[in-house]
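Only one structure is covered here, and it is reproduced in the block below.
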Amino acid sequence: MKARIEPDKASPAAYQAMIGLEMFVSKSSKLEPSLLELVKMRASQINGCAYCLDMHSKDARAKGESEQRLYALNAWRETPFFTDREQAALAWAEALTLVSVDHVPDAVYERAKQQFSEEELVNLTLAVIAINGWNRIAISFRMVPGEYQPAVRKSEHK
């Protein structure tokens, strides 16, 4: 399998703009890293993005996420493994990812509003926008899954 093009090389400025959004989400959104990884995984499942599923499952495990929760993520409504806040975030991520289906129902918004401040909800929305954008880049250009490895956390250096 070979990628169609390498978007970071074909248009470095555009790629850097996406990296800028990603950096905001990961560094300044005030959202829990574990919650962000769950949202990234769930949107990537919906979109069928193998590259992002590979990447974010590795990142989630590197940040301490359990195999059990990752395996059950596609059926999160049927499990006791996710907090109310995580469930609200997953419902929000699904509604935004599938925006053309239901246009983000009021019930999903109300649930999210109970768990997130207005600022957090805007930042969560940007996180969903970012992963959907990355999914579309990876799928369109057939980015090859499998080789990505998460960065080593500073606490792992001895």
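Labels used: A, B, ... for chains in the order of the structure tokens, numbers from 1 for residues in each chain, and numbers from 1 for ligands as shown.
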| request: Name the residues in contact with Ile46 in chain A at a cut-off of 9 Å, using only C-alpha atoms, excluding same-chain residues fewer than 3 positions from it; report them as an NGL selection string. | output: :A and (41-43 or 49 or 74 or 94 or 97-98)
Selection from above, C-alpha atoms, as a PDB file, in the first residue's frame, can you write it?
```pdb
ATOM      1  CA  MET A  41     -11.089   7.429  18.074  1.00  0.00           C
ATOM      2  CA  ARG A  42     -14.892   7.603  17.876  1.00  0.00           C
ATOM      3  CA  ALA A  43     -14.961  10.068  14.965  1.00  0.00           C
ATOM      4  CA  CYS A  49     -10.127   6.155   8.915  1.00  0.00           C
ATOM      5  CA  ASN A  74     -17.901   1.625  19.175  1.00  0.00           C
ATOM      6  CA  GLU A  94     -20.971  11.569  16.808  1.00  0.00           C
ATOM      7  CA  THR A  97     -19.316  13.951  12.626  1.00  0.00           C
ATOM      8  CA  LEU A  98     -22.717  12.971  11.235  1.00  0.00           C
TER       9      LEU A  98
END
```
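Within the 8 Å cut-off around Ala89 in chain A, using only C-alpha atoms and omitting residues fewer than 3 positions from it on the same chain, the listed residues are Leu35, Val39, Arg85, Glu86, Trp92, Ala93, Ala112 and Leu124 of chain A.
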Write the residues of the selection above to a file with N, CA, C and O atoms, as a compact mmCIF listing (two decimals), in the first residue's frame.
```txt
# COMPACT_ATOMS: atom_id res chain seq x y z
N LEU A 35 -10.01 12.19 27.22
CA LEU A 35 -11.29 12.49 26.57
C LEU A 35 -11.05 12.82 25.09
O LEU A 35 -11.78 12.35 24.22
N VAL A 39 -12.60 10.88 21.75
CA VAL A 39 -13.33 11.60 20.70
C VAL A 39 -12.67 11.36 19.34
O VAL A 39 -13.36 11.12 18.34
N ARG A 85 -19.43 12.60 31.57
CA ARG A 85 -18.75 13.62 30.76
C ARG A 85 -18.24 13.00 29.46
O ARG A 85 -18.40 13.58 28.38
N GLU A 86 -17.63 11.83 29.53
CA GLU A 86 -17.15 11.16 28.33
C GLU A 86 -18.31 10.79 27.42
O GLU A 86 -18.22 10.95 26.19
N TRP A 92 -21.66 14.13 21.42
CA TRP A 92 -21.39 15.37 20.69
C TRP A 92 -20.52 15.09 19.46
O TRP A 92 -20.81 15.57 18.36
N ALA A 93 -19.47 14.30 19.64
CA ALA A 93 -18.58 13.97 18.53
C ALA A 93 -19.33 13.23 17.43
O ALA A 93 -19.14 13.52 16.24
N ALA A 112 -24.52 17.77 26.45
CA ALA A 112 -23.16 18.31 26.44
C ALA A 112 -23.06 19.55 27.32
O ALA A 112 -22.07 19.73 28.05
N LEU A 124 -14.26 21.56 22.48
CA LEU A 124 -14.59 20.19 22.09
C LEU A 124 -15.04 20.15 20.63
O LEU A 124 -14.67 19.25 19.87
```
| message | So that I can see what lies close to Leu70 in chain A, please list as a PyMOL selection string the residues with an atom at most 10 Å from it, counting only C-alpha atoms and leaving out residues fewer than 6 positions away in the same chain. | response | chain A and resi 37-38+41-42+57+60-61+76+81
At a cut-off of 10 Å, can you tabulate as a Markdown table every residue of range 7-35 of chain A near range 125-147 of chain A together with its closest atom pair and the distance in Å to one decimal, using only C-alpha atoms and ordering rows by chain then number?
```
| residue | atom | partner | partner_atom | distance |
| --- | --- | --- | --- | --- |
| A:Pro7 | CA | A:Phe141 | CA | 7.6 |
| A:Tyr15 | CA | A:Ile137 | CA | 9.7 |
| A:Met18 | CA | A:Ala130 | CA | 7.4 |
| A:Ile19 | CA | A:Ala130 | CA | 9.1 |
| A:Gly20 | CA | A:Ala130 | CA | 10.0 |
| A:Leu21 | CA | A:Ala130 | CA | 6.7 |
| A:Glu22 | CA | A:Ala130 | CA | 6.4 |
| A:Phe24 | CA | A:Ala127 | CA | 8.9 |
| A:Val25 | CA | A:Ala127 | CA | 5.7 |
| A:Ser26 | CA | A:Ala127 | CA | 8.4 |
| A:Ser29 | CA | A:Ala127 | CA | 8.5 |
| A:Leu31 | CA | A:Ala127 | CA | 9.5 |
```
Selection to disk with N, CA, C and O atoms, as a PDB file, in the first residue's frame:
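Once everything was written out, this is result38.pdb:
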```pdb
ATOM      1  N   PRO A   7       0.557  14.949   1.969  1.00  0.00           N
ATOM      2  CA  PRO A   7       0.012  16.304   2.061  1.00  0.00           C
ATOM      3  C   PRO A   7       0.937  17.301   2.754  1.00  0.00           C
ATOM      4  O   PRO A   7       0.956  18.475   2.386  1.00  0.00           O
ATOM      5  N   TYR A  15      -0.762  22.260   5.624  1.00  0.00           N
ATOM      6  CA  TYR A  15      -0.563  21.231   6.643  1.00  0.00           C
ATOM      7  C   TYR A  15      -0.240  21.878   7.993  1.00  0.00           C
ATOM      8  O   TYR A  15      -0.748  21.451   9.027  1.00  0.00           O
ATOM      9  N   MET A  18      -3.326  23.059   9.767  1.00  0.00           N
ATOM     10  CA  MET A  18      -4.001  21.964  10.472  1.00  0.00           C
ATOM     11  C   MET A  18      -3.254  21.620  11.759  1.00  0.00           C
ATOM     12  O   MET A  18      -3.877  21.371  12.789  1.00  0.00           O
ATOM     13  N   ILE A  19      -1.948  21.620  11.702  1.00  0.00           N
ATOM     14  CA  ILE A  19      -1.136  21.351  12.901  1.00  0.00           C
ATOM     15  C   ILE A  19      -1.419  22.422  13.955  1.00  0.00           C
ATOM     16  O   ILE A  19      -1.511  22.124  15.148  1.00  0.00           O
ATOM     17  N   GLY A  20      -1.590  23.666  13.535  1.00  0.00           N
ATOM     18  CA  GLY A  20      -1.909  24.749  14.466  1.00  0.00           C
ATOM     19  C   GLY A  20      -3.212  24.486  15.203  1.00  0.00           C
ATOM     20  O   GLY A  20      -3.296  24.676  16.425  1.00  0.00           O
ATOM     21  N   LEU A  21      -4.243  24.054  14.498  1.00  0.00           N
ATOM     22  CA  LEU A  21      -5.512  23.717  15.137  1.00  0.00           C
ATOM     23  C   LEU A  21      -5.314  22.552  16.093  1.00  0.00           C
ATOM     24  O   LEU A  21      -5.791  22.584  17.233  1.00  0.00           O
ATOM     25  N   GLU A  22      -4.593  21.545  15.656  1.00  0.00           N
ATOM     26  CA  GLU A  22      -4.327  20.377  16.503  1.00  0.00           C
ATOM     27  C   GLU A  22      -3.565  20.770  17.768  1.00  0.00           C
ATOM     28  O   GLU A  22      -3.852  20.265  18.861  1.00  0.00           O
ATOM     29  N   PHE A  24      -3.621  23.695  19.277  1.00  0.00           N
ATOM     30  CA  PHE A  24      -4.555  24.373  20.171  1.00  0.00           C
ATOM     31  C   PHE A  24      -5.383  23.345  20.940  1.00  0.00           C
ATOM     32  O   PHE A  24      -5.519  23.423  22.154  1.00  0.00           O
ATOM     33  N   VAL A  25      -5.937  22.393  20.213  1.00  0.00           N
ATOM     34  CA  VAL A  25      -6.798  21.385  20.846  1.00  0.00           C
ATOM     35  C   VAL A  25      -6.019  20.619  21.917  1.00  0.00           C
ATOM     36  O   VAL A  25      -6.506  20.444  23.037  1.00  0.00           O
ATOM     37  N   SER A  26      -4.821  20.184  21.599  1.00  0.00           N
ATOM     38  CA  SER A  26      -4.074  19.352  22.545  1.00  0.00           C
ATOM     39  C   SER A  26      -3.425  20.133  23.680  1.00  0.00           C
ATOM     40  O   SER A  26      -3.301  19.608  24.782  1.00  0.00           O
ATOM     41  N   SER A  29      -6.888  23.638  24.944  1.00  0.00           N
ATOM     42  CA  SER A  29      -8.348  23.501  24.991  1.00  0.00           C
ATOM     43  C   SER A  29      -8.894  23.289  26.396  1.00  0.00           C
ATOM     44  O   SER A  29     -10.090  23.404  26.616  1.00  0.00           O
ATOM     45  N   LEU A  31      -9.226  20.545  27.830  1.00  0.00           N
ATOM     46  CA  LEU A  31      -9.937  19.270  27.850  1.00  0.00           C
ATOM     47  C   LEU A  31      -8.953  18.152  28.177  1.00  0.00           C
ATOM     48  O   LEU A  31      -7.782  18.208  27.796  1.00  0.00           O
TER      49      LEU A  31
END
```
| said: With distances taken over only C-alpha atoms, which residue among A:Tyr148, A:Met1, A:Leu121, A:Glu78 lies nearest Leu96 in chain A? | reply: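 The answer is A:Leu121, which sits nearest to Leu96 in chain A.
From CA of Ala88 in chain A back to CA of Met55 in chain A, the distance works out to 23.2 Å.
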Just asking: which residues within range 79-127 of chain A are alpha helix (DSSP H) according to DSSP, as a PDB file with N, CA and C atoms, in the first residue's frame?
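The file below, selection_38.pdb, is the result:
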```pdb
ATOM      1  N   ASP A  84     -20.115  10.141  32.684  1.00  0.00           N
ATOM      2  CA  ASP A  84     -21.155  10.984  32.085  1.00  0.00           C
ATOM      3  C   ASP A  84     -20.540  12.030  31.159  1.00  0.00           C
ATOM      4  N   ARG A  85     -19.425  12.602  31.573  1.00  0.00           N
ATOM      5  CA  ARG A  85     -18.747  13.616  30.760  1.00  0.00           C
ATOM      6  C   ARG A  85     -18.242  13.003  29.457  1.00  0.00           C
ATOM      7  N   GLU A  86     -17.633  11.828  29.534  1.00  0.00           N
ATOM      8  CA  GLU A  86     -17.151  11.163  28.334  1.00  0.00           C
ATOM      9  C   GLU A  86     -18.310  10.788  27.416  1.00  0.00           C
ATOM     10  N   GLN A  87     -19.399  10.309  27.977  1.00  0.00           N
ATOM     11  CA  GLN A  87     -20.568   9.960  27.172  1.00  0.00           C
ATOM     12  C   GLN A  87     -21.124  11.183  26.452  1.00  0.00           C
ATOM     13  N   ALA A  88     -21.186  12.305  27.147  1.00  0.00           N
ATOM     14  CA  ALA A  88     -21.661  13.540  26.515  1.00  0.00           C
ATOM     15  C   ALA A  88     -20.730  13.954  25.375  1.00  0.00           C
ATOM     16  N   ALA A  89     -19.425  13.820  25.593  1.00  0.00           N
ATOM     17  CA  ALA A  89     -18.449  14.165  24.556  1.00  0.00           C
ATOM     18  C   ALA A  89     -18.563  13.231  23.355  1.00  0.00           C
ATOM     19  N   LEU A  90     -18.769  11.949  23.613  1.00  0.00           N
ATOM     20  CA  LEU A  90     -18.904  10.988  22.518  1.00  0.00           C
ATOM     21  C   LEU A  90     -20.178  11.241  21.714  1.00  0.00           C
ATOM     22  N   ALA A  91     -21.262  11.546  22.403  1.00  0.00           N
ATOM     23  CA  ALA A  91     -22.514  11.868  21.703  1.00  0.00           C
ATOM     24  C   ALA A  91     -22.335  13.131  20.860  1.00  0.00           C
ATOM     25  N   TRP A  92     -21.657  14.127  21.418  1.00  0.00           N
ATOM     26  CA  TRP A  92     -21.385  15.373  20.691  1.00  0.00           C
ATOM     27  C   TRP A  92     -20.519  15.087  19.461  1.00  0.00           C
ATOM     28  N   ALA A  93     -19.472  14.296  19.645  1.00  0.00           N
ATOM     29  CA  ALA A  93     -18.579  13.966  18.531  1.00  0.00           C
ATOM     30  C   ALA A  93     -19.332  13.231  17.425  1.00  0.00           C
ATOM     31  N   GLU A  94     -20.186  12.303  17.802  1.00  0.00           N
ATOM     32  CA  GLU A  94     -20.971  11.569  16.808  1.00  0.00           C
ATOM     33  C   GLU A  94     -21.914  12.509  16.056  1.00  0.00           C
ATOM     34  N   ALA A  95     -22.606  13.363  16.792  1.00  0.00           N
ATOM     35  CA  ALA A  95     -23.565  14.278  16.158  1.00  0.00           C
ATOM     36  C   ALA A  95     -22.863  15.237  15.196  1.00  0.00           C
ATOM     37  N   LEU A  96     -21.696  15.745  15.580  1.00  0.00           N
ATOM     38  CA  LEU A  96     -20.961  16.661  14.699  1.00  0.00           C
ATOM     39  C   LEU A  96     -20.381  15.925  13.495  1.00  0.00           C
ATOM     40  N   THR A  97     -19.888  14.726  13.720  1.00  0.00           N
ATOM     41  CA  THR A  97     -19.316  13.951  12.626  1.00  0.00           C
ATOM     42  C   THR A  97     -20.388  13.593  11.604  1.00  0.00           C
ATOM     43  N   VAL A  99     -23.197  15.347  11.041  1.00  0.00           N
ATOM     44  CA  VAL A  99     -24.016  16.553  11.072  1.00  0.00           C
ATOM     45  C   VAL A  99     -25.101  16.569   9.997  1.00  0.00           C
ATOM     46  N   SER A 100     -24.849  15.970   8.857  1.00  0.00           N
ATOM     47  CA  SER A 100     -25.860  15.980   7.796  1.00  0.00           C
ATOM     48  C   SER A 100     -27.060  15.088   8.107  1.00  0.00           C
ATOM     49  N   VAL A 101     -26.928  14.203   9.077  1.00  0.00           N
ATOM     50  CA  VAL A 101     -28.011  13.276   9.423  1.00  0.00           C
ATOM     51  C   VAL A 101     -29.061  13.946  10.301  1.00  0.00           C
ATOM     52  N   ASP A 102     -28.650  14.522  11.422  1.00  0.00           N
ATOM     53  CA  ASP A 102     -29.596  15.089  12.386  1.00  0.00           C
ATOM     54  C   ASP A 102     -29.354  16.551  12.755  1.00  0.00           C
ATOM     55  N   ASP A 106     -31.130  18.840  19.692  1.00  0.00           N
ATOM     56  CA  ASP A 106     -31.170  19.613  20.933  1.00  0.00           C
ATOM     57  C   ASP A 106     -30.829  18.755  22.142  1.00  0.00           C
ATOM     58  N   ALA A 107     -31.271  17.517  22.167  1.00  0.00           N
ATOM     59  CA  ALA A 107     -30.995  16.638  23.312  1.00  0.00           C
ATOM     60  C   ALA A 107     -29.494  16.389  23.470  1.00  0.00           C
ATOM     61  N   VAL A 108     -28.788  16.258  22.378  1.00  0.00           N
ATOM     62  CA  VAL A 108     -27.332  16.058  22.425  1.00  0.00           C
ATOM     63  C   VAL A 108     -26.655  17.328  22.944  1.00  0.00           C
ATOM     64  N   TYR A 109     -27.122  18.466  22.472  1.00  0.00           N
ATOM     65  CA  TYR A 109     -26.581  19.749  22.948  1.00  0.00           C
ATOM     66  C   TYR A 109     -26.836  19.926  24.442  1.00  0.00           C
ATOM     67  N   GLU A 110     -28.037  19.656  24.886  1.00  0.00           N
ATOM     68  CA  GLU A 110     -28.377  19.818  26.311  1.00  0.00           C
ATOM     69  C   GLU A 110     -27.524  18.902  27.192  1.00  0.00           C
ATOM     70  N   ARG A 111     -27.310  17.692  26.732  1.00  0.00           N
ATOM     71  CA  ARG A 111     -26.462  16.755  27.480  1.00  0.00           C
ATOM     72  C   ARG A 111     -25.035  17.284  27.572  1.00  0.00           C
ATOM     73  N   ALA A 112     -24.522  17.774  26.450  1.00  0.00           N
ATOM     74  CA  ALA A 112     -23.160  18.314  26.437  1.00  0.00           C
ATOM     75  C   ALA A 112     -23.056  19.554  27.319  1.00  0.00           C
ATOM     76  N   LYS A 113     -24.071  20.392  27.273  1.00  0.00           N
ATOM     77  CA  LYS A 113     -24.074  21.632  28.058  1.00  0.00           C
ATOM     78  C   LYS A 113     -24.047  21.347  29.569  1.00  0.00           C
ATOM     79  N   GLN A 114     -24.591  20.210  29.981  1.00  0.00           N
ATOM     80  CA  GLN A 114     -24.566  19.836  31.397  1.00  0.00           C
ATOM     81  C   GLN A 114     -23.174  19.424  31.855  1.00  0.00           C
ATOM     82  N   GLN A 115     -22.348  18.984  30.940  1.00  0.00           N
ATOM     83  CA  GLN A 115     -21.025  18.457  31.298  1.00  0.00           C
ATOM     84  C   GLN A 115     -19.870  19.405  30.976  1.00  0.00           C
ATOM     85  N   GLU A 118     -19.244  26.618  28.388  1.00  0.00           N
ATOM     86  CA  GLU A 118     -19.346  27.113  27.010  1.00  0.00           C
ATOM     87  C   GLU A 118     -17.992  27.069  26.316  1.00  0.00           C
ATOM     88  N   GLU A 119     -16.954  27.504  27.015  1.00  0.00           N
ATOM     89  CA  GLU A 119     -15.609  27.473  26.425  1.00  0.00           C
ATOM     90  C   GLU A 119     -15.196  26.046  26.106  1.00  0.00           C
ATOM     91  N   GLU A 120     -15.423  25.128  27.027  1.00  0.00           N
ATOM     92  CA  GLU A 120     -15.066  23.732  26.775  1.00  0.00           C
ATOM     93  C   GLU A 120     -15.844  23.154  25.603  1.00  0.00           C
ATOM     94  N   LEU A 121     -17.108  23.534  25.482  1.00  0.00           N
ATOM     95  CA  LEU A 121     -17.926  23.010  24.392  1.00  0.00           C
ATOM     96  C   LEU A 121     -17.451  23.528  23.034  1.00  0.00           C
ATOM     97  N   VAL A 122     -17.061  24.788  22.985  1.00  0.00           N
ATOM     98  CA  VAL A 122     -16.475  25.318  21.744  1.00  0.00           C
ATOM     99  C   VAL A 122     -15.172  24.573  21.448  1.00  0.00           C
ATOM    100  N   ASN A 123     -14.335  24.366  22.473  1.00  0.00           N
ATOM    101  CA  ASN A 123     -13.062  23.683  22.265  1.00  0.00           C
ATOM    102  C   ASN A 123     -13.265  22.218  21.882  1.00  0.00           C
ATOM    103  N   LEU A 124     -14.261  21.562  22.477  1.00  0.00           N
ATOM    104  CA  LEU A 124     -14.593  20.191  22.094  1.00  0.00           C
ATOM    105  C   LEU A 124     -15.044  20.149  20.630  1.00  0.00           C
ATOM    106  N   THR A 125     -15.815  21.136  20.233  1.00  0.00           N
ATOM    107  CA  THR A 125     -16.257  21.224  18.837  1.00  0.00           C
ATOM    108  C   THR A 125     -15.059  21.369  17.904  1.00  0.00           C
ATOM    109  N   LEU A 126     -14.091  22.189  18.288  1.00  0.00           N
ATOM    110  CA  LEU A 126     -12.882  22.335  17.473  1.00  0.00           C
ATOM    111  C   LEU A 126     -12.096  21.033  17.417  1.00  0.00           C
ATOM    112  N   ALA A 127     -12.091  20.266  18.512  1.00  0.00           N
ATOM    113  CA  ALA A 127     -11.416  18.966  18.512  1.00  0.00           C
ATOM    114  C   ALA A 127     -12.081  18.022  17.513  1.00  0.00           C
TER     115      ALA A 127
END
```
| Which one of A:Met23, A:Leu73, A:Ala62, A:Ala13 sits closest to Lys40 in chain A if you count only C-alpha atoms? | A:Leu73
| field | Nearest to Gln68 in chain A by atom-to-atom distance, counting only C-alpha atoms, from A:Glu32, A:Gln16, A:His56, A:Phe82 | value |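 Smallest distance to Gln68 in chain A is found for A:Phe82.
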| request: Please measure the separation of CA of Pro150 in chain A and CA of Lys58 in chain A, giving the value in Å to one decimal. | output: 6.4 Å
